[in-house]
file run23.pdb (PDB, C-alpha atoms, pLDDT in the B column)
ATOM      1  CA  MET C 244     -73.764 -40.054 112.410  1.00 40.00           C
ATOM      2  CA  THR C 245     -74.202 -36.441 111.296  1.00 54.00           C
ATOM      3  CA  GLY C 246     -74.130 -35.827 107.553  1.00 64.00           C
ATOM      4  CA  ALA C 247     -73.113 -32.767 105.588  1.00 71.00           C
ATOM      5  CA  PRO C 248     -75.152 -29.640 106.342  1.00 84.00           C
ATOM      6  CA  SER C 249     -78.031 -28.741 104.064  1.00 89.00           C
ATOM      7  CA  LEU C 250     -79.450 -25.360 103.159  1.00 93.00           C
ATOM      8  CA  ALA C 251     -82.312 -24.043 105.259  1.00 92.00           C
ATOM      9  CA  ALA C 252     -85.660 -23.690 103.528  1.00 91.00           C
ATOM     10  CA  PRO C 253     -85.432 -19.978 102.590  1.00 90.00           C
ATOM     11  CA  LEU C 254     -82.371 -20.597 100.379  1.00 94.00           C
ATOM     12  CA  ARG C 255     -83.383 -23.811  98.659  1.00 93.00           C
ATOM     13  CA  SER C 256     -85.368 -22.317  95.778  1.00 93.00           C
ATOM     14  CA  LEU C 257     -82.777 -19.643  94.910  1.00 97.00           C
ATOM     15  CA  ARG C 258     -80.019 -19.946  92.319  1.00 98.00           C
ATOM     16  CA  ALA C 259     -77.378 -17.491  93.606  1.00 98.00           C
ATOM     17  CA  VAL C 260     -76.379 -15.594  96.747  1.00 98.00           C
ATOM     18  CA  VAL C 261     -74.817 -12.141  97.087  1.00 98.00           C
ATOM     19  CA  PHE C 262     -73.047 -11.363 100.372  1.00 98.00           C
ATOM     20  CA  ASP C 263     -72.132  -8.006 101.840  1.00 97.00           C
ATOM     21  CA  THR C 264     -68.525  -8.038 103.060  1.00 95.00           C
ATOM     22  CA  ASP C 265     -67.947  -5.977 106.224  1.00 90.00           C
ATOM     23  CA  GLY C 266     -69.805  -7.509 109.147  1.00 90.00           C
ATOM     24  CA  VAL C 267     -71.142 -10.433 107.096  1.00 95.00           C
ATOM     25  CA  ILE C 268     -68.029 -12.128 105.683  1.00 96.00           C
ATOM     26  CA  THR C 269     -65.216 -10.282 107.467  1.00 93.00           C
ATOM     27  CA  ASP C 270     -65.150  -9.071 111.060  1.00 90.00           C
ATOM     28  CA  SER C 271     -64.037  -5.620 109.940  1.00 85.00           C
ATOM     29  CA  ALA C 272     -66.989  -3.386 110.844  1.00 84.00           C
ATOM     30  CA  ALA C 273     -65.435  -2.421 114.188  1.00 86.00           C
ATOM     31  CA  VAL C 274     -62.202  -1.385 112.450  1.00 89.00           C
ATOM     32  CA  HIS C 275     -64.147   0.795 110.010  1.00 90.00           C
ATOM     33  CA  ALA C 276     -66.107   2.325 112.910  1.00 92.00           C
ATOM     34  CA  ALA C 277     -62.944   3.144 114.863  1.00 93.00           C
ATOM     35  CA  ALA C 278     -61.391   4.854 111.834  1.00 95.00           C
ATOM     36  CA  TRP C 279     -64.587   6.851 111.255  1.00 96.00           C
ATOM     37  CA  LYS C 280     -64.619   7.930 114.907  1.00 97.00           C
ATOM     38  CA  ASP C 281     -61.122   9.392 114.723  1.00 97.00           C
ATOM     39  CA  ALA C 282     -61.864  11.168 111.426  1.00 97.00           C
ATOM     40  CA  PHE C 283     -65.254  12.524 112.502  1.00 97.00           C
ATOM     41  CA  ASP C 284     -64.176  13.597 115.983  1.00 97.00           C
ATOM     42  CA  ALA C 285     -61.406  15.699 114.428  1.00 96.00           C
ATOM     43  CA  ALA C 286     -63.961  17.364 112.123  1.00 96.00           C
ATOM     44  CA  LEU C 287     -66.356  17.987 115.013  1.00 96.00           C
ATOM     45  CA  SER C 288     -63.551  19.489 117.076  1.00 94.00           C
ATOM     46  CA  ALA C 289     -62.490  21.754 114.207  1.00 93.00           C
ATOM     47  CA  ALA C 290     -66.079  23.014 113.922  1.00 88.00           C
ATOM     48  CA  GLY C 291     -66.165  24.095 117.550  1.00 86.00           C
ATOM     49  CA  GLY C 292     -66.657  20.879 119.413  1.00 74.00           C
ATOM     50  CA  GLN C 293     -69.720  18.658 119.568  1.00 84.00           C
ATOM     51  CA  ARG C 294     -70.761  15.329 121.022  1.00 90.00           C
ATOM     52  CA  PRO C 295     -68.278  12.744 119.680  1.00 95.00           C
ATOM     53  CA  PHE C 296     -69.159  10.210 117.009  1.00 97.00           C
ATOM     54  CA  ASP C 297     -70.716   7.070 118.487  1.00 95.00           C
ATOM     55  CA  PRO C 298     -69.003   4.043 116.875  1.00 93.00           C
ATOM     56  CA  VAL C 299     -72.117   1.924 117.386  1.00 89.00           C
ATOM     57  CA  ASP C 300     -75.263   4.008 116.937  1.00 90.00           C
ATOM     58  CA  ASP C 301     -73.892   6.685 114.587  1.00 94.00           C
ATOM     59  CA  TYR C 302     -71.967   4.110 112.582  1.00 92.00           C
ATOM     60  CA  LEU C 303     -75.057   1.965 111.993  1.00 86.00           C
ATOM     61  CA  ARG C 304     -77.309   4.926 111.275  1.00 89.00           C
ATOM     62  CA  TYR C 305     -75.152   7.002 108.954  1.00 93.00           C
ATOM     63  CA  VAL C 306     -72.166   5.191 107.458  1.00 92.00           C
ATOM     64  CA  ASP C 307     -72.549   1.406 107.635  1.00 86.00           C
ATOM     65  CA  GLY C 308     -72.920  -0.032 104.138  1.00 81.00           C
ATOM     66  CA  ARG C 309     -72.679   3.313 102.380  1.00 87.00           C
ATOM     67  CA  ALA C 310     -70.035   4.610 100.001  1.00 86.00           C
ATOM     68  CA  ARG C 311     -67.391   6.462 101.978  1.00 90.00           C
ATOM     69  CA  GLU C 312     -68.250   9.985 100.773  1.00 92.00           C
ATOM     70  CA  ASP C 313     -71.994   9.346 101.143  1.00 93.00           C
ATOM     71  CA  GLY C 314     -71.509   8.200 104.733  1.00 93.00           C
ATOM     72  CA  ALA C 315     -69.275  11.137 105.591  1.00 96.00           C
ATOM     73  CA  ALA C 316     -71.770  13.628 104.173  1.00 96.00           C
ATOM     74  CA  ALA C 317     -74.735  11.961 105.925  1.00 95.00           C
ATOM     75  CA  PHE C 318     -73.134  12.028 109.367  1.00 97.00           C
ATOM     76  CA  LEU C 319     -71.787  15.568 109.049  1.00 96.00           C
ATOM     77  CA  ARG C 320     -75.218  16.823 107.962  1.00 95.00           C
ATOM     78  CA  SER C 321     -76.762  15.112 110.979  1.00 95.00           C
ATOM     79  CA  ARG C 322     -74.617  17.389 113.172  1.00 94.00           C
ATOM     80  CA  GLY C 323     -75.437  20.494 111.140  1.00 93.00           C
ATOM     81  CA  LEU C 324     -72.077  20.604 109.365  1.00 93.00           C
ATOM     82  CA  GLU C 325     -72.618  21.437 105.706  1.00 91.00           C
ATOM     83  CA  LEU C 326     -69.032  21.067 104.520  1.00 94.00           C
ATOM     84  CA  PRO C 327     -68.261  21.528 100.833  1.00 96.00           C
ATOM     85  CA  LEU C 328     -67.818  18.285  98.915  1.00 96.00           C
ATOM     86  CA  GLY C 329     -64.277  19.210  97.898  1.00 96.00           C
ATOM     87  CA  GLU C 330     -62.094  17.680  95.204  1.00 95.00           C
ATOM     88  CA  VAL C 331     -61.369  14.036  94.478  1.00 91.00           C
ATOM     89  CA  ASP C 332     -57.714  14.472  95.452  1.00 93.00           C
ATOM     90  CA  ASP C 333     -58.295  16.413  98.704  1.00 96.00           C
ATOM     91  CA  ALA C 334     -55.669  15.559 101.298  1.00 96.00           C
ATOM     92  CA  PRO C 335     -56.874  13.930 104.533  1.00 96.00           C
ATOM     93  CA  GLY C 336     -58.269  16.590 106.858  1.00 96.00           C
ATOM     94  CA  THR C 337     -61.406  18.289 108.154  1.00 95.00           C
ATOM     95  CA  ALA C 338     -62.268  21.081 105.700  1.00 95.00           C
ATOM     96  CA  THR C 339     -64.326  19.136 103.133  1.00 97.00           C
ATOM     97  CA  VAL C 340     -66.405  15.970 102.956  1.00 97.00           C
ATOM     98  CA  ARG C 341     -63.783  14.347 100.761  1.00 96.00           C
ATOM     99  CA  ALA C 342     -60.986  15.379 103.133  1.00 97.00           C
ATOM    100  CA  VAL C 343     -62.794  13.722 106.050  1.00 97.00           C
ATOM    101  CA  ALA C 344     -63.416  10.609 103.943  1.00 95.00           C
ATOM    102  CA  ALA C 345     -59.757  10.549 102.918  1.00 96.00           C
ATOM    103  CA  ARG C 346     -58.712  10.792 106.551  1.00 97.00           C
ATOM    104  CA  LYS C 347     -60.931   7.833 107.412  1.00 95.00           C
ATOM    105  CA  ASP C 348     -59.372   5.773 104.615  1.00 93.00           C
ATOM    106  CA  GLU C 349     -55.883   6.715 105.786  1.00 95.00           C
ATOM    107  CA  LEU C 350     -56.696   5.620 109.334  1.00 95.00           C
ATOM    108  CA  PHE C 351     -58.362   2.381 108.206  1.00 91.00           C
ATOM    109  CA  THR C 352     -55.423   1.481 105.970  1.00 90.00           C
ATOM    110  CA  ALA C 353     -53.005   2.089 108.863  1.00 91.00           C
ATOM    111  CA  ARG C 354     -55.022  -0.246 111.077  1.00 88.00           C
ATOM    112  CA  LEU C 355     -54.903  -2.986 108.434  1.00 84.00           C
ATOM    113  CA  ARG C 356     -51.106  -2.949 108.654  1.00 84.00           C
ATOM    114  CA  THR C 357     -51.184  -3.768 112.363  1.00 83.00           C
ATOM    115  CA  ARG C 358     -53.959  -6.330 112.703  1.00 80.00           C
ATOM    116  CA  ALA C 359     -55.400  -9.252 110.789  1.00 79.00           C
ATOM    117  CA  ILE C 360     -59.078  -9.158 109.902  1.00 86.00           C
ATOM    118  CA  ALA C 361     -60.882 -12.390 110.750  1.00 90.00           C
ATOM    119  CA  THR C 362     -63.789 -13.963 108.904  1.00 95.00           C
ATOM    120  CA  TRP C 363     -67.058 -15.048 110.496  1.00 96.00           C
ATOM    121  CA  PRO C 364     -66.953 -18.874 110.722  1.00 96.00           C
ATOM    122  CA  GLY C 365     -70.686 -19.333 110.152  1.00 97.00           C
ATOM    123  CA  THR C 366     -70.515 -17.389 106.910  1.00 97.00           C
ATOM    124  CA  VAL C 367     -67.540 -19.422 105.724  1.00 97.00           C
ATOM    125  CA  ARG C 368     -69.415 -22.669 106.454  1.00 97.00           C
ATOM    126  CA  LEU C 369     -72.378 -21.392 104.445  1.00 98.00           C
ATOM    127  CA  LEU C 370     -70.109 -20.393 101.552  1.00 98.00           C
ATOM    128  CA  HIS C 371     -68.562 -23.868 101.431  1.00 97.00           C
ATOM    129  CA  ALA C 372     -72.000 -25.493 101.499  1.00 96.00           C
ATOM    130  CA  LEU C 373     -73.191 -23.288  98.647  1.00 97.00           C
ATOM    131  CA  ARG C 374     -70.069 -24.059  96.614  1.00 96.00           C
ATOM    132  CA  ASP C 375     -70.557 -27.795  97.193  1.00 95.00           C
ATOM    133  CA  ARG C 376     -74.026 -27.441  95.675  1.00 95.00           C
ATOM    134  CA  GLY C 377     -72.860 -25.383  92.706  1.00 96.00           C
ATOM    135  CA  VAL C 378     -74.645 -22.210  93.848  1.00 97.00           C
ATOM    136  CA  PRO C 379     -72.697 -19.174  92.567  1.00 98.00           C
ATOM    137  CA  CYS C 380     -71.841 -16.487  95.120  1.00 98.00           C
ATOM    138  CA  ALA C 381     -70.689 -12.878  94.920  1.00 98.00           C
ATOM    139  CA  ALA C 382     -69.265 -10.462  97.472  1.00 98.00           C
ATOM    140  CA  VAL C 383     -70.304  -6.821  97.464  1.00 97.00           C
ATOM    141  CA  SER C 384     -68.919  -3.858  99.369  1.00 93.00           C
ATOM    142  CA  ALA C 385     -68.812  -0.087  99.200  1.00 89.00           C
ATOM    143  CA  SER C 386     -65.239  -0.336 100.504  1.00 88.00           C
ATOM    144  CA  ARG C 387     -62.318  -0.170  98.099  1.00 88.00           C
ATOM    145  CA  HIS C 388     -60.440  -2.532 100.433  1.00 89.00           C
ATOM    146  CA  ALA C 389     -62.930  -5.394 100.187  1.00 91.00           C
ATOM    147  CA  THR C 390     -61.076  -7.535  97.629  1.00 93.00           C
ATOM    148  CA  GLU C 391     -57.836  -7.032  99.550  1.00 89.00           C
ATOM    149  CA  LEU C 392     -59.527  -8.149 102.793  1.00 88.00           C
ATOM    150  CA  LEU C 393     -61.107 -11.210 101.192  1.00 93.00           C
ATOM    151  CA  SER C 394     -57.785 -12.225  99.693  1.00 92.00           C
ATOM    152  CA  ALA C 395     -55.906 -11.762 102.975  1.00 86.00           C
ATOM    153  CA  ALA C 396     -58.569 -13.843 104.749  1.00 89.00           C
ATOM    154  CA  GLU C 397     -58.119 -16.609 102.120  1.00 92.00           C
ATOM    155  CA  VAL C 398     -61.802 -16.684 101.135  1.00 95.00           C
ATOM    156  CA  LEU C 399     -61.628 -14.833  97.813  1.00 96.00           C
ATOM    157  CA  GLY C 400     -61.691 -18.168  95.955  1.00 96.00           C
ATOM    158  CA  LEU C 401     -65.160 -18.928  97.338  1.00 97.00           C
ATOM    159  CA  PHE C 402     -66.671 -16.138  95.222  1.00 98.00           C
ATOM    160  CA  ASP C 403     -67.489 -16.142  91.534  1.00 98.00           C
ATOM    161  CA  ALA C 404     -67.619 -12.333  91.434  1.00 98.00           C
ATOM    162  CA  VAL C 405     -66.653  -9.362  93.612  1.00 98.00           C
ATOM    163  CA  VAL C 406     -68.112  -5.873  93.214  1.00 98.00           C
ATOM    164  CA  ASP C 407     -66.181  -3.601  95.563  1.00 95.00           C
ATOM    165  CA  GLY C 408     -65.745   0.147  95.900  1.00 92.00           C
ATOM    166  CA  ASN C 409     -63.147   0.201  93.125  1.00 93.00           C
ATOM    167  CA  GLU C 410     -65.586  -1.399  90.695  1.00 96.00           C
ATOM    168  CA  ALA C 411     -68.375   0.906  91.855  1.00 94.00           C
ATOM    169  CA  ARG C 412     -66.196   3.907  91.115  1.00 92.00           C
ATOM    170  CA  ARG C 413     -65.076   2.538  87.744  1.00 95.00           C
ATOM    171  CA  LEU C 414     -68.646   1.839  86.670  1.00 97.00           C
ATOM    172  CA  ASP C 415     -70.072   4.971  88.349  1.00 95.00           C
ATOM    173  CA  LEU C 416     -72.518   2.878  90.381  1.00 95.00           C
ATOM    174  CA  PRO C 417     -74.473   4.710  93.093  1.00 94.00           C
ATOM    175  CA  GLY C 418     -74.052   3.472  96.650  1.00 91.00           C
ATOM    176  CA  LYS C 419     -76.560   1.773  98.918  1.00 92.00           C
ATOM    177  CA  PRO C 420     -79.492   2.072  99.520  1.00 94.00           C
ATOM    178  CA  ASP C 421     -79.537   2.134  95.715  1.00 96.00           C
ATOM    179  CA  PRO C 422     -79.455  -1.529  94.607  1.00 97.00           C
ATOM    180  CA  ALA C 423     -76.919  -0.987  91.798  1.00 97.00           C
ATOM    181  CA  LEU C 424     -74.050  -2.871  93.506  1.00 97.00           C
ATOM    182  CA  PHE C 425     -76.219  -5.918  94.150  1.00 98.00           C
ATOM    183  CA  VAL C 426     -77.772  -5.833  90.699  1.00 98.00           C
ATOM    184  CA  GLU C 427     -74.312  -5.707  89.105  1.00 98.00           C
ATOM    185  CA  ALA C 428     -73.206  -8.675  91.236  1.00 98.00           C
ATOM    186  CA  ALA C 429     -76.242 -10.717  90.154  1.00 98.00           C
ATOM    187  CA  ARG C 430     -75.571  -9.778  86.525  1.00 98.00           C
ATOM    188  CA  ARG C 431     -72.016 -11.096  86.819  1.00 98.00           C
ATOM    189  CA  LEU C 432     -73.334 -14.334  88.283  1.00 98.00           C
ATOM    190  CA  GLY C 433     -75.751 -14.654  85.363  1.00 98.00           C
ATOM    191  CA  VAL C 434     -78.800 -14.947  87.643  1.00 98.00           C
ATOM    192  CA  PRO C 435     -81.687 -12.444  87.778  1.00 98.00           C
ATOM    193  CA  PRO C 436     -82.289 -10.662  91.099  1.00 98.00           C
ATOM    194  CA  HIS C 437     -85.612 -12.426  91.712  1.00 98.00           C
ATOM    195  CA  ASP C 438     -83.716 -15.752  91.807  1.00 98.00           C
ATOM    196  CA  THR C 439     -80.920 -14.373  94.016  1.00 98.00           C
ATOM    197  CA  ALA C 440     -80.596 -13.914  97.787  1.00 98.00           C
ATOM    198  CA  VAL C 441     -78.894 -10.944  99.451  1.00 98.00           C
ATOM    199  CA  VAL C 442     -77.204 -11.386 102.852  1.00 98.00           C
ATOM    200  CA  GLU C 443     -76.576  -8.002 104.497  1.00 97.00           C
ATOM    201  CA  ASP C 444     -76.114  -6.503 107.971  1.00 94.00           C
ATOM    202  CA  ALA C 445     -76.468  -2.790 107.175  1.00 91.00           C
ATOM    203  CA  LEU C 446     -79.837  -1.066 107.097  1.00 93.00           C
ATOM    204  CA  ALA C 447     -78.912   0.661 103.829  1.00 93.00           C
ATOM    205  CA  GLY C 448     -77.910  -2.678 102.323  1.00 95.00           C
ATOM    206  CA  VAL C 449     -81.115  -4.427 103.365  1.00 97.00           C
ATOM    207  CA  GLU C 450     -83.083  -1.571 101.813  1.00 97.00           C
ATOM    208  CA  ALA C 451     -81.022  -1.923  98.635  1.00 97.00           C
ATOM    209  CA  GLY C 452     -81.852  -5.623  98.437  1.00 98.00           C
ATOM    210  CA  ARG C 453     -85.535  -4.909  98.773  1.00 98.00           C
ATOM    211  CA  ARG C 454     -85.456  -2.086  96.215  1.00 98.00           C
ATOM    212  CA  GLY C 455     -83.633  -4.354  93.773  1.00 98.00           C
ATOM    213  CA  GLY C 456     -86.391  -6.963  93.802  1.00 98.00           C
ATOM    214  CA  PHE C 457     -84.179  -9.754  95.145  1.00 98.00           C
ATOM    215  CA  GLY C 458     -85.865 -13.067  95.867  1.00 98.00           C
ATOM    216  CA  LEU C 459     -84.724 -13.180  99.491  1.00 98.00           C
ATOM    217  CA  VAL C 460     -83.221 -10.479 101.703  1.00 98.00           C
ATOM    218  CA  VAL C 461     -81.489 -11.841 104.805  1.00 98.00           C
ATOM    219  CA  GLY C 462     -80.701  -9.345 107.541  1.00 97.00           C
ATOM    220  CA  VAL C 463     -77.757 -10.192 109.792  1.00 96.00           C
ATOM    221  CA  ASP C 464     -78.091  -8.844 113.328  1.00 94.00           C
ATOM    222  CA  ARG C 465     -74.966  -9.794 115.254  1.00 88.00           C
ATOM    223  CA  THR C 466     -76.181  -7.850 118.309  1.00 82.00           C
ATOM    224  CA  ALA C 467     -79.219 -10.181 118.515  1.00 73.00           C
ATOM    225  CA  GLY C 468     -81.183  -7.183 119.777  1.00 72.00           C
ATOM    226  CA  PRO C 469     -84.947  -6.823 119.337  1.00 73.00           C
ATOM    227  CA  HIS C 470     -84.691  -3.207 118.175  1.00 76.00           C
ATOM    228  CA  SER C 471     -81.984  -3.826 115.585  1.00 88.00           C
ATOM    229  CA  ALA C 472     -83.800  -6.895 114.252  1.00 91.00           C
ATOM    230  CA  ALA C 473     -87.004  -4.884 113.966  1.00 93.00           C
ATOM    231  CA  ALA C 474     -85.147  -2.132 112.111  1.00 93.00           C
ATOM    232  CA  LEU C 475     -83.790  -4.652 109.600  1.00 95.00           C
ATOM    233  CA  ARG C 476     -87.296  -6.001 109.011  1.00 96.00           C
ATOM    234  CA  ARG C 477     -88.695  -2.488 108.546  1.00 96.00           C
ATOM    235  CA  ARG C 478     -86.100  -1.840 105.847  1.00 95.00           C
ATOM    236  CA  GLY C 479     -87.098  -5.005 103.992  1.00 97.00           C
ATOM    237  CA  ALA C 480     -85.445  -8.097 105.480  1.00 97.00           C
ATOM    238  CA  ASP C 481     -87.488 -11.257 104.882  1.00 97.00           C
ATOM    239  CA  VAL C 482     -85.461 -13.188 107.460  1.00 96.00           C
ATOM    240  CA  VAL C 483     -83.225 -11.951 110.297  1.00 96.00           C
ATOM    241  CA  VAL C 484     -80.434 -14.166 111.683  1.00 96.00           C
ATOM    242  CA  SER C 485     -77.690 -13.520 114.198  1.00 95.00           C
ATOM    243  CA  ASP C 486     -75.198 -15.288 111.899  1.00 96.00           C
ATOM    244  CA  PRO C 487     -75.444 -16.558 108.288  1.00 97.00           C
ATOM    245  CA  GLY C 488     -74.524 -20.023 109.564  1.00 96.00           C
ATOM    246  CA  GLU C 489     -78.130 -20.233 110.746  1.00 96.00           C
ATOM    247  CA  LEU C 490     -79.062 -20.653 107.077  1.00 96.00           C
ATOM    248  CA  LEU C 491     -77.619 -24.185 107.305  1.00 96.00           C
ATOM    249  CA  ARG C 492     -79.260 -27.278 108.757  1.00 88.00           C
ATOM    250  CA  SER C 493     -77.321 -30.220 110.122  1.00 70.00           C
ATOM    251  CA  GLY C 494     -77.398 -33.311 107.933  1.00 57.00           C
ATOM    252  CA  GLU C 495     -79.452 -35.248 110.448  1.00 49.00           C
ATOM    253  CA  ASP C 496     -82.202 -32.603 110.384  1.00 51.00           C
ATOM    254  CA  GLY C 497     -83.218 -33.745 106.931  1.00 45.00           C
TER
END

call {"tool": "encode", "arguments": {"input": "run23.pdb", "output": "structure tokens"}}
result
Amino acid sequence: MTGAPSLAAPLRSLRAVVFDTDGVITDSAAVHAAAWKDAFDAALSAAGGQRPFDPVDDYLRYVDGRAREDGAAAFLRSRGLELPLGEVDDAPGTATVRAVAARKDELFTARLRTRAIATWPGTVRLLHALRDRGVPCAAVSASRHATELLSAAEVLGLFDAVVDGNEARRLDLPGKPDPALFVEAARRLGVPPHDTAVVEDALAGVEAGRRGGFGLVVGVDRTAGPHSAAALRRRGADVVVSDPGELLRSGEDG
């Protein structure tokens, strides 16, 4: 008879876990990437036409895990487009970094109205196992929609704290690869970073975990590709898994 799952060795000595949201908890990375593609391709077209935004490679390299304006600026610079930052209330468009970012948010929000965002089952199993053992957990995201997504997916109650893009803006926290979001999450859990694990799929997020001195940085590589796994390790991942559920052992494994 199989018993309840236990935590794999890397997690056993740690007192708290901080999870990234998009791509780790919720299956929303592809929706973000599609919205970025539409917003960026319009900006590239307005600038005279260039190779379109790649929703896999460009997304992972420039925008995944970053604050929206930081990601927009990084990608546009990579194509030689030095757009002005613009104003906070710029309307969605192509003339400024903030206008492009606003267009992406508009597109992403529209997509949320037409499709449900699923959670990753392995992550949910891990969250329940951690809760059963009294290990506090936090969710972190650069997205201002993160709390809304977690609530809609009915997993918000599994977290003791959430630091999303709204909180980052309110507290003026810099985005990843700066560790400020993760450090704030650990502070809210009442556990120092060196006793806390970070579970993250973005290169910028893995780097943030390493910079923050966290006790364990888990890289999540859902492509299970050798190059992406190697990139996560280069940025500071101690362990790379294809799904956070791999951080559980079946009860009969001891």

call {"tool": "residues_around", "arguments": {"input": "run23.pdb", "residues": "Pro487 in chain C", "least_positions_apart": "2", "cutoff": "6 Å", "atoms": "all atoms listed in the file", "output": "ChimeraX atom specification"}}
result
/C:365-366,489-490

call {"tool": "residues_near_point", "arguments": {"input": "run23.pdb", "point": "(-82.2, -14.7, 116.1)", "cutoff": "12 Å", "atoms": "all atoms listed in the file", "output": "PDB file with C-alpha atoms, in the coordinates of the input"}}
result
ATOM      1  CA  VAL C 461     -81.489 -11.841 104.805  1.00 98.00           C
ATOM      2  CA  GLY C 462     -80.701  -9.345 107.541  1.00 97.00           C
ATOM      3  CA  VAL C 463     -77.757 -10.192 109.792  1.00 96.00           C
ATOM      4  CA  ASP C 464     -78.091  -8.844 113.328  1.00 94.00           C
ATOM      5  CA  ARG C 465     -74.966  -9.794 115.254  1.00 88.00           C
ATOM      6  CA  THR C 466     -76.181  -7.850 118.309  1.00 82.00           C
ATOM      7  CA  ALA C 467     -79.219 -10.181 118.515  1.00 73.00           C
ATOM      8  CA  GLY C 468     -81.183  -7.183 119.777  1.00 72.00           C
ATOM      9  CA  PRO C 469     -84.947  -6.823 119.337  1.00 73.00           C
ATOM     10  CA  HIS C 470     -84.691  -3.207 118.175  1.00 76.00           C
ATOM     11  CA  SER C 471     -81.984  -3.826 115.585  1.00 88.00           C
ATOM     12  CA  ALA C 472     -83.800  -6.895 114.252  1.00 91.00           C
ATOM     13  CA  ALA C 473     -87.004  -4.884 113.966  1.00 93.00           C
ATOM     14  CA  VAL C 482     -85.461 -13.188 107.460  1.00 96.00           C
ATOM     15  CA  VAL C 483     -83.225 -11.951 110.297  1.00 96.00           C
ATOM     16  CA  VAL C 484     -80.434 -14.166 111.683  1.00 96.00           C
ATOM     17  CA  SER C 485     -77.690 -13.520 114.198  1.00 95.00           C
ATOM     18  CA  ASP C 486     -75.198 -15.288 111.899  1.00 96.00           C
ATOM     19  CA  PRO C 487     -75.444 -16.558 108.288  1.00 97.00           C
ATOM     20  CA  GLY C 488     -74.524 -20.023 109.564  1.00 96.00           C
ATOM     21  CA  GLU C 489     -78.130 -20.233 110.746  1.00 96.00           C
ATOM     22  CA  LEU C 490     -79.062 -20.653 107.077  1.00 96.00           C
TER      23      LEU C 490
END

call {"tool": "resolve_selection", "arguments": {"input": "run23.pdb", "expression": "the PyMOL selection byres ((chain C and resi 309) around 7)", "output": "PDB file with C-alpha atoms, keeping the file's coordinate frame"}}
result
ATOM      1  CA  VAL C 306     -72.166   5.191 107.458  1.00 92.00           C
ATOM      2  CA  ASP C 307     -72.549   1.406 107.635  1.00 86.00           C
ATOM      3  CA  GLY C 308     -72.920  -0.032 104.138  1.00 81.00           C
ATOM      4  CA  ALA C 310     -70.035   4.610 100.001  1.00 86.00           C
ATOM      5  CA  ARG C 311     -67.391   6.462 101.978  1.00 90.00           C
ATOM      6  CA  ASP C 313     -71.994   9.346 101.143  1.00 93.00           C
ATOM      7  CA  GLY C 314     -71.509   8.200 104.733  1.00 93.00           C
ATOM      8  CA  ALA C 385     -68.812  -0.087  99.200  1.00 89.00           C
ATOM      9  CA  GLY C 418     -74.052   3.472  96.650  1.00 91.00           C
ATOM     10  CA  LYS C 419     -76.560   1.773  98.918  1.00 92.00           C
ATOM     11  CA  ALA C 447     -78.912   0.661 103.829  1.00 93.00           C
TER      12      ALA C 447
END

call {"tool": "residues_around", "arguments": {"input": "run23.pdb", "residues": "Arg294 in chain C", "least_positions_apart": "4", "cutoff": "10 Å", "atoms": "all atoms listed in the file", "output": "VMD selection string"}}
result
chain C and resid 284 287 to 288 322

call {"tool": "write_last_selection", "arguments": {"input": "run23.pdb", "atoms": "C-alpha atoms", "output": "compact mmCIF listing (two decimals), keeping the file's coordinate frame"}}
result
# COMPACT_ATOMS: atom_id res chain seq x y z
CA ASP C 284 -64.18 13.60 115.98
CA LEU C 287 -66.36 17.99 115.01
CA SER C 288 -63.55 19.49 117.08
CA ARG C 322 -74.62 17.39 113.17

call {"tool": "atom_distance", "arguments": {"input": "run23.pdb", "atom1": "CA of Ala344 in chain C", "atom2": "CA of Ala282 in chain C"}}
result
7.7 Å

call {"tool": "axis_aligned_box", "arguments": {"input": "run23.pdb", "around": "range 344-357 of chain C", "padding_each_side": "8 Å", "output": "AutoDock Vina command-line options"}}
result
--center_x -57.3 --center_y 3.5 --center_z 107.6 --size_x 28.3 --size_y 30.6 --size_z 25.4

call {"tool": "resolve_selection", "arguments": {"input": "run23.pdb", "expression": "the PyMOL selection byres ((chain C and resi 337) around 12)", "output": "MDAnalysis selection string"}}
result
chainID C and resid 281:290 315 319 324:329 333:336 338:347

call {"tool": "residues_near_point", "arguments": {"input": "run23.pdb", "point": "(-69.7, -1.5, 105.0)", "cutoff": "12 Å", "atoms": "only C-alpha atoms", "output": "VMD selection string"}}
result
chain C and resid 262 to 276 279 302 to 311 313 to 314 382 to 389 407 to 408 418 to 420 443 to 449

call {"tool": "resolve_selection", "arguments": {"input": "run23.pdb", "expression": "the PyMOL selection byres ((chain C and resi 253) around 10)", "output": "list of chain:residue names"}}
result
C:Leu250, C:Ala251, C:Ala252, C:Leu254, C:Arg255, C:Ser256, C:Leu257, C:Ala440, C:Gly458, C:Leu459, C:Val460, C:Val461, C:Asp481, C:Val482, C:Leu490

call {"tool": "closest_residue", "arguments": {"input": "run23.pdb", "among": "C:Val261, C:Ala278, C:Val331, C:Phe351", "to": "Glu427 in chain C", "atoms": "all atoms listed in the file"}}
result
C:Val261

call {"tool": "atom_distance", "arguments": {"input": "run23.pdb", "atom1": "CA of Arg454 in chain C", "atom2": "CA of Ala480 in chain C"}}
result
11.0 Å

call {"tool": "closest_residue", "arguments": {"input": "run23.pdb", "among": "C:Asp301, C:Asp415, C:Asp438, C:Asp332", "to": "Phe318 in chain C", "atoms": "only C-alpha atoms"}}
result
C:Asp301

call {"tool": "atom_distance", "arguments": {"input": "run23.pdb", "atom1": "CA of Arg368 in chain C", "atom2": "CA of Ala404 in chain C"}}
result
18.3 Å

call {"tool": "closest_residue", "arguments": {"input": "run23.pdb", "among": "C:Pro364, C:Val299, C:Gly479, C:Arg356", "to": "Leu392 in chain C", "atoms": "all atoms listed in the file"}}
result
C:Arg356
